[in-house]
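So this block is protein_19.txt, compact mmCIF, C-alpha atoms:
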# COMPACT_ATOMS: atom_id res chain seq x y z
CA MET X 1 -6.30 21.21 10.20
CA ALA X 2 -7.70 19.36 7.59
CA ALA X 3 -5.66 17.63 7.25
CA HIS X 4 -3.29 16.54 9.08
CA ILE X 5 -3.64 13.68 11.49
CA LEU X 6 -0.33 13.28 13.25
CA HIS X 7 -0.03 9.50 13.27
CA PRO X 8 2.37 7.15 11.50
CA VAL X 9 1.37 6.38 7.94
CA PRO X 10 -0.27 2.94 7.84
CA ASP X 11 1.50 0.29 5.78
CA THR X 12 -1.14 -0.58 3.21
CA ARG X 13 1.30 -2.46 0.94
CA THR X 14 0.01 -0.46 -2.00
CA VAL X 15 2.22 -0.49 -5.09
CA ILE X 16 3.10 3.07 -6.06
CA VAL X 17 3.84 3.78 -9.71
CA ILE X 18 6.48 6.48 -10.09
CA ASN X 19 5.71 9.17 -12.64
CA ALA X 20 8.96 10.29 -14.23
CA ASN X 21 7.35 13.65 -15.05
CA LYS X 22 6.18 14.33 -11.50
CA ARG X 23 7.21 17.76 -10.28
CA ASN X 24 9.61 18.06 -7.37
CA TYR X 25 7.99 20.82 -5.33
CA GLN X 26 10.74 20.81 -2.72
CA HIS X 27 13.31 21.40 -5.45
CA GLU X 28 11.20 24.27 -6.78
CA LEU X 29 10.97 25.76 -3.28
CA ASP X 30 14.73 25.43 -2.84
CA ASN X 31 15.22 27.37 -6.08
CA ILE X 32 12.91 30.16 -4.91
CA ILE X 33 14.74 30.42 -1.58
CA ASN X 34 18.14 30.39 -3.27
CA GLY X 35 16.98 33.21 -5.52
CA LEU X 36 16.08 35.50 -2.62
CA SER X 37 19.71 36.64 -2.29
CA GLY X 38 19.30 37.84 1.27
CA SER X 39 16.00 39.67 0.78
CA VAL X 40 13.15 38.80 3.17
CA PRO X 41 9.82 38.62 1.32
CA THR X 42 6.49 38.61 3.13
CA LEU X 43 4.52 35.37 3.22
CA LEU X 44 0.89 34.78 4.16
CA LEU X 45 0.91 31.21 5.44
CA HIS X 46 -2.42 29.43 5.78
CA SER X 47 -2.20 27.09 8.76
CA CYS X 48 -4.55 24.24 9.55
CA CYS X 49 -3.20 23.73 13.08
CA ALA X 50 -0.19 24.32 15.29
CA PRO X 51 1.38 20.84 14.90
CA CYS X 52 1.30 21.08 11.11
CA SER X 53 2.68 24.60 11.21
CA SER X 54 5.58 23.70 13.50
CA TYR X 55 8.19 22.52 11.01
CA VAL X 56 6.92 24.88 8.31
CA LEU X 57 7.41 27.92 10.54
CA GLU X 58 10.78 26.72 11.82
CA TYR X 59 11.92 26.24 8.22
CA LEU X 60 10.40 29.20 6.38
CA SER X 61 10.95 31.85 9.07
CA GLU X 62 14.64 31.69 8.17
CA TYR X 63 13.80 33.24 4.81
CA PHE X 64 10.41 34.99 5.03
CA ALA X 65 8.57 37.45 7.26
CA ILE X 66 5.51 35.31 7.94
CA THR X 67 1.95 36.06 8.91
CA VAL X 68 0.10 32.90 9.93
CA PHE X 69 -3.48 32.93 8.66
CA TYR X 70 -5.69 30.59 10.67
CA PHE X 71 -8.69 30.09 8.40
CA ASN X 72 -10.42 26.73 8.89
CA PRO X 73 -14.22 26.88 8.64
CA ASN X 74 -14.23 23.11 8.13
CA ILE X 75 -13.44 22.35 11.76
CA TYR X 76 -16.10 20.63 13.86
CA PRO X 77 -17.30 21.23 16.52
CA GLU X 78 -16.93 24.97 17.13
CA GLU X 79 -15.06 24.50 20.39
CA GLU X 80 -12.49 22.42 18.52
CA PHE X 81 -11.91 25.38 16.19
CA PHE X 82 -11.07 27.67 19.08
CA LYS X 83 -8.98 25.03 20.84
CA ARG X 84 -6.78 24.70 17.76
CA LEU X 85 -6.71 28.47 17.26
CA GLU X 86 -5.36 29.08 20.76
CA GLU X 87 -2.76 26.35 20.36
CA GLN X 88 -1.62 28.03 17.15
CA ARG X 89 -1.27 31.37 18.93
CA ARG X 90 0.61 29.75 21.81
CA PHE X 91 3.12 28.03 19.55
CA ILE X 92 3.91 31.23 17.66
CA THR X 93 4.78 32.98 20.93
CA LEU X 94 7.16 30.16 21.91
CA LEU X 95 9.00 29.43 18.66
CA PRO X 96 12.35 31.21 18.23
CA SER X 97 12.60 32.68 14.73
CA LYS X 98 15.11 34.66 12.73
CA ASN X 99 12.38 36.75 11.08
CA PRO X 100 9.10 37.94 12.61
CA ILE X 101 6.03 35.70 12.76
CA LYS X 102 2.64 37.37 13.09
CA PHE X 103 -0.86 35.95 13.36
CA THR X 104 -4.27 36.75 11.92
CA ASP X 105 -7.67 35.09 11.61
CA ILE X 106 -11.16 36.07 10.50
CA GLY X 107 -13.24 34.09 13.00
CA PHE X 108 -15.37 31.02 12.56
CA ASN X 109 -17.99 30.54 9.85
CA SER X 110 -18.84 26.88 9.28
CA ASP X 111 -21.46 27.75 6.65
CA MET X 112 -18.62 28.59 4.26
CA PHE X 113 -17.42 24.99 4.46
CA TYR X 114 -20.82 23.31 4.23
CA ASN X 115 -21.76 25.43 1.23
CA ALA X 116 -18.46 24.58 -0.48
CA VAL X 117 -18.86 20.81 -0.07
CA LYS X 118 -22.62 20.56 -0.62
CA GLY X 119 -23.38 17.38 -2.55
CA LEU X 120 -20.02 15.81 -1.64
CA GLU X 121 -20.89 14.75 1.90
CA GLN X 122 -20.65 11.03 1.15
CA ILE X 123 -17.28 11.20 -0.61
CA PRO X 124 -14.56 9.45 1.44
CA GLU X 125 -11.69 11.41 2.97
CA GLY X 126 -9.02 12.31 0.44
CA GLY X 127 -11.40 12.78 -2.48
CA GLU X 128 -13.26 15.64 -4.14
CA ARG X 129 -14.75 16.93 -0.89
CA CYS X 130 -11.27 17.48 0.49
CA PHE X 131 -10.19 19.18 -2.74
CA GLU X 132 -13.07 21.66 -2.39
CA CYS X 133 -11.96 22.27 1.20
CA TYR X 134 -8.42 22.94 -0.04
CA ARG X 135 -9.80 25.40 -2.57
CA LEU X 136 -11.96 27.20 -0.01
CA ARG X 137 -9.08 27.82 2.37
CA LEU X 138 -6.53 28.66 -0.30
CA SER X 139 -8.97 31.00 -2.06
CA GLU X 140 -9.39 33.11 1.04
CA THR X 141 -5.64 33.06 1.65
CA ALA X 142 -4.89 34.20 -1.90
CA ARG X 143 -7.54 36.92 -1.73
CA LEU X 144 -6.16 38.27 1.54
CA ALA X 145 -2.55 38.04 0.35
CA ALA X 146 -3.39 40.11 -2.71
CA LYS X 147 -5.44 42.62 -0.73
CA LEU X 148 -2.68 43.19 1.85
CA GLY X 149 0.20 43.16 -0.61
CA PHE X 150 2.05 40.01 0.46
CA ASP X 151 4.82 38.76 -1.78
CA TYR X 152 3.77 35.11 -1.48
CA PHE X 153 1.09 32.86 -0.04
CA THR X 154 1.05 29.14 0.70
CA THR X 155 -0.38 26.55 3.12
CA THR X 156 0.90 24.11 5.71
CA LEU X 157 -1.47 21.40 4.46
CA SER X 158 1.12 19.52 2.39
CA ILE X 159 3.00 18.55 5.58
CA SER X 160 0.47 15.78 6.11
CA PRO X 161 1.00 12.36 4.52
CA TYR X 162 -2.77 12.32 4.02
CA LYS X 163 -2.91 15.48 1.91
CA ASN X 164 -2.49 15.61 -1.86
CA ALA X 165 0.45 17.93 -2.58
CA ASP X 166 -0.15 17.82 -6.35
CA LYS X 167 -3.72 19.06 -5.92
CA LEU X 168 -2.72 21.70 -3.36
CA ASN X 169 -0.08 23.13 -5.66
CA GLU X 170 -2.38 22.97 -8.67
CA ILE X 171 -5.05 24.97 -6.83
CA GLY X 172 -2.49 27.36 -5.35
CA GLU X 173 -0.99 28.21 -8.73
CA GLU X 174 -4.43 28.66 -10.28
CA LEU X 175 -5.40 31.10 -7.52
CA ALA X 176 -2.06 32.90 -7.77
CA ALA X 177 -2.79 33.70 -11.40
CA ALA X 178 -6.36 34.77 -10.60
CA HIS X 179 -5.31 37.12 -7.78
CA ASN X 180 -1.97 38.27 -9.20
CA VAL X 181 0.04 37.16 -6.17
CA LYS X 182 2.83 34.56 -6.09
CA TYR X 183 2.21 31.09 -4.70
CA LEU X 184 5.03 29.35 -2.85
CA THR X 185 5.12 25.81 -4.26
CA SER X 186 5.83 23.24 -1.60
CA ASP X 187 5.59 19.71 -0.32
CA PHE X 188 6.53 20.09 3.32
CA LYS X 189 6.61 16.32 3.88
CA LYS X 190 9.97 16.34 2.11
CA LYS X 191 13.29 16.68 3.95
CA ASP X 192 11.72 14.73 6.85
CA GLY X 193 9.32 17.62 7.42
CA TYR X 194 6.51 15.45 8.76
CA ARG X 195 8.85 13.65 11.14
CA ARG X 196 10.22 16.98 12.36
CA SER X 197 6.69 18.28 12.94
CA CYS X 198 5.99 15.30 15.20
CA THR X 199 9.21 15.96 17.14
CA LEU X 200 8.36 19.65 17.59
CA SER X 201 4.82 18.79 18.65
CA GLN X 202 6.21 16.63 21.44
CA GLN X 203 8.88 19.18 22.36
CA TYR X 204 6.31 21.97 22.80
CA GLY X 205 3.66 19.76 24.41
CA MET X 206 1.13 20.56 21.70
CA TYR X 207 -2.47 19.55 21.59
CA ARG X 208 -2.58 17.06 18.70
CA GLN X 209 -5.97 16.22 17.24
CA ASN X 210 -6.69 12.68 16.07
CA TYR X 211 -8.87 13.64 13.10
CA CYS X 212 -8.51 16.08 10.24
CA GLY X 213 -11.07 18.60 11.42
CA CYS X 214 -14.45 18.33 9.71
CA VAL X 215 -17.45 16.37 10.93
CA PHE X 216 -17.00 13.87 8.10
CA SER X 217 -13.39 13.10 9.04
CA LEU X 218 -14.43 12.80 12.69
CA HIS X 219 -17.07 10.22 11.81
CA GLU X 220 -14.64 8.26 9.64
CA ARG X 221 -12.15 8.26 12.52
CA GLU X 222 -14.77 7.05 14.98
CA GLN X 223 -15.87 4.29 12.61
CA ALA X 224 -12.26 3.17 12.13
CA LEU X 225 -11.74 3.01 15.90
CA SER X 226 -14.97 1.09 16.42
CA ARG X 227 -13.88 -1.50 13.85
CA LYS X 228 -10.68 -2.06 15.82
CA ASP X 229 -12.75 -2.76 18.92
CA ILE X 230 -14.70 -5.54 17.20
What is this file in structure tokens?
Amino acid sequence: MAAHILHPVPDTRTVIVINANKRNYQHELDNIINGLSGSVPTLLLHSCCAPCSSYVLEYLSEYFAITVFYFNPNIYPEEEFFKRLEEQRRFITLLPSKNPIKFTDIGFNSDMFYNAVKGLEQIPEGGERCFECYRLRLSETARLAAKLGFDYFTTTLSISPYKNADKLNEIGEELAAAHNVKYLTSDFKKKDGYRRSCTLSQQYGMYRQNYCGCVFSLHEREQALSRKDI
């Protein structure tokens, strides 16, 4: 989940400088889909949580045979991990899909996360600690995709306005080359993907967490709420 707080994006009035050379990941994904010519490749889709997976599954299950891989050792506390896991399972059973959607996970091992981010505990959300968390989850997804012979792998994480799509795609493509399996470039916020995920979350009565997932994001959320109470 980590990513992926389902709340409106705050208006910070920040000036955004447009990079003319910035890649259009949605356009790249459209080109991949258009090139399928009716074939249905297999896709190992890392999912952080059911709400973030909602639009992604609705969209991609039209074109891919998907296995959802719930691998999120960052989540704190342990009961939160299993709460989100069961909500993911529930949503998959309810969502109508043109092509099959399966599910897999490898259990909970928080030590993997704490080892990955050691020394980065004080970095604010959205920085290098989050990038290491991206890498941890995508690394395991790429490894499993290669081992099981999937055609593609990708992650739902880019659906969140708080997640860095450039960094996710950079890491995904690096791991694709290392594991010899194709990475599905994406920025699922595009085409009103985030808005649609909120609509689907309400439609299916989903449990929607109010923090990304890790203990650090939980503490930042609690501090932000306490400041509002002052």
## Note on the structure
Counting all atoms listed in the file, the residue among X:Thr154, X:Lys118, X:Ala65, X:Asn72 that lies closest to X:Lys98 is X:Ala65
### Task
Could you please give me, as a PyMOL selection string, the residues of protein, DNA or RNA lying at most 12 Å from (5.9, 17.0, 20.0) in the coordinate frame of the file, considering all atoms listed in the file?
chain X and resi 6-7+50-52+54-55+91+194-208
Based on the selection just made, write C-alpha atoms of those residues as a CSV table (one decimal), in the coordinates of the input.
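What ended up in selection_38.csv:
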chain,number,residue,atom,x,y,z
X,6,LEU,CA,-0.3,13.3,13.2
X,7,HIS,CA,0.0,9.5,13.3
X,50,ALA,CA,-0.2,24.3,15.3
X,51,PRO,CA,1.4,20.8,14.9
X,52,CYS,CA,1.3,21.1,11.1
X,54,SER,CA,5.6,23.7,13.5
X,55,TYR,CA,8.2,22.5,11.0
X,91,PHE,CA,3.1,28.0,19.6
X,194,TYR,CA,6.5,15.4,8.8
X,195,ARG,CA,8.8,13.6,11.1
X,196,ARG,CA,10.2,17.0,12.4
X,197,SER,CA,6.7,18.3,12.9
X,198,CYS,CA,6.0,15.3,15.2
X,199,THR,CA,9.2,16.0,17.1
X,200,LEU,CA,8.4,19.6,17.6
X,201,SER,CA,4.8,18.8,18.6
X,202,GLN,CA,6.2,16.6,21.4
X,203,GLN,CA,8.9,19.2,22.4
X,204,TYR,CA,6.3,22.0,22.8
X,205,GLY,CA,3.7,19.8,24.4
X,206,MET,CA,1.1,20.6,21.7
X,207,TYR,CA,-2.5,19.6,21.6
X,208,ARG,CA,-2.6,17.1,18.7
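Note that the spacing between atom CA of X:Thr93 and atom CA of X:Thr42 amounts to 18.7 Å.
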Edge lengths and centre in Å to one decimal, as lines of an AutoDock Vina configuration file, is what I'm after for the box along x, y and z that holds all listed atoms of stretch 42-59 of chain X once 6 Å is added on each side.
center_x = 3.7
center_y = 29.7
center_z = 9.2
size_x = 28.5
size_y = 29.8
size_z = 24.2
### Query
Which one is closest to X:Gln26: X:Ser217, X:Ser158, X:Cys212, X:Gln223? Count all atoms listed in the file.
X:Ser158
